[in-house]
Amino acid sequence: MILLNELPCAALITDERGSVMRVNDALRAIVGGTEDTWCNQPMEMLFPPASRIFLQTHLWPLLLREESVREAVLQLRNLENNMLPVLVNARKSTYEGVTAYYWTLFVTQNRSQFEAELLSARRAAETAAQQLAQSQQFVRSVTDAIPELIAYWDKELICRFANQAYLEWYGKKPEELLGSRLQDLRGGHLFELNQREILGALAGEPQQFERPIPNINGKPGHKLANYIPDIHPETGEVLGFLASIADVSALKRAQNLLERMGRVAGVGGWEVDLGTGSLLWTDEVRRIHGIDSDFTPTLAEAIAFYEPSSVPIIEAAVARGMAGGPGYDLELQIIRRDGARRWVRAVGSVEFEGDKPVRLIGAFQDITEYRRLTAELAEQHELLRVTLQSIGDAVITTDATGHVTWLNPVAERMTGWQVEEAKGQLLDQVFQIVNEETRQATENPVMVALQKGKVVGLTNHTLLISRHGEEFGIEDSAAPIRNESGEILGVVLVFHDVTEQRRLSGEMSYRATHDTLTGLVNRAEFDTRLRRTLHQAHEDRGEHTLLFIDLDQFKLVNDACGHSAGDQLLQQVAKLLGESVRARDTLARLGGDEFGVLLEHCTSEQAGRVAEQICERMNDYRFIHDERRFRIGTSIGLVPVDSRWSNTSAIVQAADSSCYAAKDAGRNRVHVWLDSDQAIRTRQGEMQWATRLEQALDEDRFQLYAQRIHTLDTTAPLQGLHAEVLLRMVERDGSLVAPGVFLPAAERFYLASRIDQWVLRHAIAWLSSLKNISLVDTLCVNVSGQSIGDRVFHRQAIEIFTEAGPDICKRLCLEITETAAVTHMADAALFITQVRALKVRIALDDFGAGASSFGYLKNLSVDVLKIDGQFIRNLTEDRLNDATVRCFVEVAQVIGVKTIAEFVDRPETLARVREIGVDFAQGYLLHQPEPIENVLTA
């Protein structure tokens, strides 16, 4: 800024906010300091309080609106702390590529000196070509930045120079004005108007005058003009004159406005002549003090208006000023004439002549309402501060450039930054966020809010990484902070810690889609993935495969070792299956001991190899519990998942049927589904039976039959009917269906317990309907293996027996197959104990068909052993059967229970079982089954 220093007046350059960018040597000579001292400081620091107020409230608004200020009068504080009146000019321009404002400050008594020096600078610049170019550059830069109209006319009244303001005012381009005659400007009218002053300047006399001069558009303007003769220093010849014309219209309007605004704003002025002690108050000061407009107080009376505690403060401030100290700007209390207390802002300074204080000047403003509002605002601010300090959410505020201005304690804890450290930092430095899944940086919500000017929120799965490396799952929103005019002042960012909430949500989501015991995908999630895969198969004609896996011996382990062992088995099998499939495949526990595998992009042939491998591994696997070893096989149904299927229900049904076909074929094998599969059709036929059974149960289409049981002890004949209850299903056409046709389907589709309940209720109802119940000694009712393992059936049966009463219960005998009792040992033992307590007897049916030893009889309290018919049919021809039956009879006699021989269909068989010692016989030889209501009359 060498050229700025060549300017013979105080000058500075500021940015749009009023921060000093450059000062020249002339200004520093007045106010002191170095250029570094003043750079980036507010220019208001150059002026005393009263001038600061005028600068902020009038000159800056005028400059921003008009882009120039002309001839404004302010006070400038010099090195001796004296106030120098200066004329301030300013104009909008650019500096180093950015918008800037050029200011010139003329000490009023030096103005003519500046103009003369400016003229001298021009004349000196013409002495050499190089100096001329530099000087012209300098003069052009400076004068273009000065809002005054400046031009140089030679003695022939030819224009040799004009600044930008001059050109704009008269609407001329440089080539149009330079070299033209003054008489031709504005058609000669301007020359005629100012001819007397022009001729005076050419005669060597400086001219100063005010006159309205319109611009090119006819807009009126009040001008203060100075014509300075250009006199050769050696010959005294007048070479021309410099025309300096200032537009003082805005200044005059501002002065008038200032007087009116003072009245509106409640600001009054005062002055004390220290020589005479006289005090001058404006009307506004009198109004503030509550006195008449014609009252002129003395200095002592004026000070007496202050509240007693304020008097020493104002006296000390005045004393410091008179001792050469700074002026004062105080907020004090006064007591008005009417006794009312008011808060006032008292601004004052001391004027010196040399070292002698000669005058006190200042301003007075009633700020009572301002203080009230300030106190209220402070209270609200404190409430807001306490609230923000106390709330559980973290809060960060930034300015309009995204720099942090404040954090509350929660934000400090989560970011790891203290508010003092974070202030002024870019938000990205303090608030570091990434995507929880990708770990990539997430878009800054504050910058988005600043760009879009609206409330924005974070994307899902956002993670805040603190300064110390801690991680917090967060949710947030960022909202612009606006002033009353809608201008964005900054952004408030509010966020809260959702780490635990997100963990719980993830856990809940995981639990909703996974089996809690094995950790595998559950049935609901498996169905969702199967639907998605089928949809994909329809779109791209891809080929996928579903494996439906059922454990073959799970129930045996569960019943023999308990549910805890069964859970361990399921967990071990889940791990083994997981090791047998690809990581991208879906392995699920579908319920109980059933598993499913969805092999995407896998042909049936490839899936078959996977299924065979599972079977082989399961065949080698042994479950060990309490030194007992169990072999667990798997039956697998394999179904291709392709576009042939219309829905997933059909696929699951086909897989289920294939799985049971594998089980029926011998277990621990794979059955591949085919459209023409006979085993599948059989399975589907059973499913149709299941539907028919459901309908028969709903419509009560069953009928009780009975078959008599005869005693073989002629010495102790029965005292009443001894029979077994049998069941027939009645079709809608009235035809009967034998139990051997529909009971397998009932067992397969878990309808056996419902049928058992129906039989039990109707058998008891038949007994209850008899007029003479003593005609019945024993009525045997079969109970399926499913019912034995069903605790719900146990509860319902106990309720039925309890309701029936002891007279009926003692005539009932429940037949439980040996296989069911062994398979459900724990449940069977509990159920037998409960029903025997109600006087109901227990028969072990099909005895000998499935047991490898009689040890289990120690744990079961039974009343009758019904020897399985396979040992009775060929009893007389098969010596092994004969030996086996004899063994059964001996066991029964040892444990004290009766025996019944089933399927006695020949006289010789009847004779042999009587000879062996069997207690009762049952079969077609003795009685053909018939409706139960006919048995007593047979």
# chains A, B, ... in the order shown; residues from 1 in each chain; ligands from 1
$ residues_around --residues "Asp756 of chain A" --least-positions-apart "6" --cutoff "8 Å" --atoms "only C-alpha atoms" --output "list in words"
Asn782, Val783, Ser784 and Ser787 of chain A
$ closest_atom_pairs --of "segment 623-654 of chain A" --to "segment 572-591 of chain A" --cutoff "12 Å" --atoms "only C-alpha atoms" --output "tab-separated table"
residue	atom	partner	partner_atom	distance
A:Phe623	CA	A:Gln572	CA	8.5
A:Ile624	CA	A:Gln572	CA	10.9
A:Arg631	CA	A:Val573	CA	11.9
A:Ile632	CA	A:Val573	CA	9.2
A:Gly633	CA	A:Val573	CA	10.4
A:Thr634	CA	A:Val573	CA	10.1
A:Val652	CA	A:Leu590	CA	11.0
$ residues_around --residues "Ala29 of chain A" --least-positions-apart "6" --cutoff "9 Å" --atoms "only C-alpha atoms" --output "list in words"
Ala10, Asn78 and Leu79 of chain A
$ closest_residue --among "A:Arg439, A:Arg22, A:His601, A:His563" --to "Thr533 of chain A" --atoms "only C-alpha atoms"
A:His601
$ residues_around --residues "Leu279 of chain A" --least-positions-apart "3" --cutoff "9 Å" --atoms "only C-alpha atoms" --output "PyMOL selection string"
chain A and resi 270-273+276+296-299+302
$ write_last_selection --atoms "N, CA and C atoms" --output "PDB file, in the first residue's frame"
ATOM      1  N   TRP A 270     -25.679  17.656  25.849  1.00  0.00           N
ATOM      2  CA  TRP A 270     -25.363  18.665  26.865  1.00  0.00           C
ATOM      3  C   TRP A 270     -23.929  19.144  26.669  1.00  0.00           C
ATOM      4  N   GLU A 271     -23.649  20.331  27.235  1.00  0.00           N
ATOM      5  CA  GLU A 271     -22.309  20.919  27.123  1.00  0.00           C
ATOM      6  C   GLU A 271     -22.059  21.794  28.335  1.00  0.00           C
ATOM      7  N   VAL A 272     -20.848  21.691  28.886  1.00  0.00           N
ATOM      8  CA  VAL A 272     -20.445  22.513  30.038  1.00  0.00           C
ATOM      9  C   VAL A 272     -19.211  23.311  29.661  1.00  0.00           C
ATOM     10  N   ASP A 273     -19.303  24.624  29.787  1.00  0.00           N
ATOM     11  CA  ASP A 273     -18.143  25.497  29.568  1.00  0.00           C
ATOM     12  C   ASP A 273     -17.384  25.562  30.870  1.00  0.00           C
ATOM     13  N   THR A 276     -16.642  29.213  32.252  1.00  0.00           N
ATOM     14  CA  THR A 276     -17.721  30.001  32.864  1.00  0.00           C
ATOM     15  C   THR A 276     -18.589  29.161  33.791  1.00  0.00           C
ATOM     16  N   THR A 296     -32.764  26.017  33.268  1.00  0.00           N
ATOM     17  CA  THR A 296     -31.343  25.820  32.978  1.00  0.00           C
ATOM     18  C   THR A 296     -30.627  25.611  34.290  1.00  0.00           C
ATOM     19  N   PRO A 297     -30.212  24.375  34.582  1.00  0.00           N
ATOM     20  CA  PRO A 297     -29.594  24.106  35.884  1.00  0.00           C
ATOM     21  C   PRO A 297     -28.125  24.482  35.907  1.00  0.00           C
ATOM     22  N   THR A 298     -27.617  24.598  37.120  1.00  0.00           N
ATOM     23  CA  THR A 298     -26.172  24.747  37.293  1.00  0.00           C
ATOM     24  C   THR A 298     -25.549  23.348  37.255  1.00  0.00           C
ATOM     25  N   LEU A 299     -24.199  23.321  37.217  1.00  0.00           N
ATOM     26  CA  LEU A 299     -23.510  22.033  37.193  1.00  0.00           C
ATOM     27  C   LEU A 299     -23.807  21.243  38.462  1.00  0.00           C
ATOM     28  N   ALA A 302     -27.267  19.800  38.271  1.00  0.00           N
ATOM     29  CA  ALA A 302     -27.313  18.676  37.337  1.00  0.00           C
ATOM     30  C   ALA A 302     -26.798  17.397  37.999  1.00  0.00           C
TER      31      ALA A 302
END
$ select_by_dssp --residues "segment 617-757 of chain A" --states "strand (DSSP E or B)" --output "ChimeraX atom specification"
/A:622-625,628-631,634-641,670-672,702-708,710-711,721-730,736-737
$ residues_around --residues "segment 210-215 of chain A" --least-positions-apart "6" --cutoff "7 Å" --atoms "only C-alpha atoms" --output "MDAnalysis selection string"
chainID A and resid 169:170 221:225
$ write_last_selection --atoms "all heavy atoms" --output "mmCIF file, in the first residue's frame"
data_model
loop_
_atom_site.group_PDB
_atom_site.id
_atom_site.type_symbol
_atom_site.label_atom_id
_atom_site.label_comp_id
_atom_site.auth_asym_id
_atom_site.auth_seq_id
_atom_site.Cartn_x
_atom_site.Cartn_y
_atom_site.Cartn_z
ATOM 1 N N TRP A 169 -21.455 11.280 -12.661
ATOM 2 C CA TRP A 169 -22.441 12.345 -12.382
ATOM 3 C C TRP A 169 -22.909 13.019 -13.672
ATOM 4 O O TRP A 169 -24.101 13.273 -13.854
ATOM 5 C CB TRP A 169 -21.829 13.365 -11.426
ATOM 6 C CG TRP A 169 -22.818 14.446 -11.033
ATOM 7 C CD1 TRP A 169 -22.946 15.677 -11.565
ATOM 8 C CD2 TRP A 169 -23.826 14.333 -10.031
ATOM 9 N NE1 TRP A 169 -23.965 16.364 -10.978
ATOM 10 C CE2 TRP A 169 -24.537 15.552 -10.013
ATOM 11 C CE3 TRP A 169 -24.208 13.315 -9.140
ATOM 12 C CZ2 TRP A 169 -25.590 15.800 -9.141
ATOM 13 C CZ3 TRP A 169 -25.252 13.577 -8.282
ATOM 14 C CH2 TRP A 169 -25.945 14.795 -8.283
ATOM 15 N N TYR A 170 -21.967 13.233 -14.566
ATOM 16 C CA TYR A 170 -22.331 13.927 -15.812
ATOM 17 C C TYR A 170 -22.638 12.968 -16.955
ATOM 18 O O TYR A 170 -22.912 13.409 -18.071
ATOM 19 C CB TYR A 170 -21.207 14.891 -16.216
ATOM 20 C CG TYR A 170 -21.132 16.082 -15.286
ATOM 21 C CD1 TYR A 170 -20.107 16.190 -14.347
ATOM 22 C CD2 TYR A 170 -22.106 17.081 -15.328
ATOM 23 C CE1 TYR A 170 -20.039 17.269 -13.481
ATOM 24 C CE2 TYR A 170 -22.038 18.166 -14.457
ATOM 25 C CZ TYR A 170 -21.017 18.267 -13.543
ATOM 26 O OH TYR A 170 -20.968 19.339 -12.689
ATOM 27 N N GLY A 221 -29.252 17.466 -6.627
ATOM 28 C CA GLY A 221 -28.235 17.188 -5.632
ATOM 29 C C GLY A 221 -27.627 18.485 -5.138
ATOM 30 O O GLY A 221 -27.377 19.407 -5.925
ATOM 31 N N HIS A 222 -27.405 18.569 -3.835
ATOM 32 C CA HIS A 222 -26.810 19.774 -3.250
ATOM 33 C C HIS A 222 -25.303 19.574 -3.202
ATOM 34 O O HIS A 222 -24.818 18.622 -2.601
ATOM 35 C CB HIS A 222 -27.368 20.009 -1.853
ATOM 36 C CG HIS A 222 -27.187 21.417 -1.382
ATOM 37 N ND1 HIS A 222 -28.086 22.419 -1.670
ATOM 38 C CD2 HIS A 222 -26.193 21.998 -0.663
ATOM 39 C CE1 HIS A 222 -27.671 23.549 -1.148
ATOM 40 N NE2 HIS A 222 -26.519 23.317 -0.525
ATOM 41 N N LYS A 223 -24.554 20.478 -3.866
ATOM 42 C CA LYS A 223 -23.112 20.310 -4.027
ATOM 43 C C LYS A 223 -22.342 21.393 -3.300
ATOM 44 O O LYS A 223 -22.736 22.556 -3.302
ATOM 45 C CB LYS A 223 -22.717 20.359 -5.520
ATOM 46 C CG LYS A 223 -23.383 19.303 -6.384
ATOM 47 C CD LYS A 223 -23.002 17.908 -5.965
ATOM 48 C CE LYS A 223 -23.596 16.850 -6.863
ATOM 49 N NZ LYS A 223 -23.237 15.492 -6.454
ATOM 50 N N LEU A 224 -21.233 20.954 -2.681
ATOM 51 C CA LEU A 224 -20.258 21.862 -2.097
ATOM 52 C C LEU A 224 -19.035 21.816 -3.000
ATOM 53 O O LEU A 224 -18.367 20.800 -3.090
ATOM 54 C CB LEU A 224 -19.892 21.430 -0.673
ATOM 55 C CG LEU A 224 -18.775 22.226 0.003
ATOM 56 C CD1 LEU A 224 -19.179 23.686 0.178
ATOM 57 C CD2 LEU A 224 -18.421 21.606 1.363
ATOM 58 N N ALA A 225 -18.741 22.905 -3.693
ATOM 59 C CA ALA A 225 -17.677 22.931 -4.701
ATOM 60 C C ALA A 225 -16.499 23.752 -4.223
ATOM 61 O O ALA A 225 -16.662 24.790 -3.571
ATOM 62 C CB ALA A 225 -18.214 23.496 -6.007
#
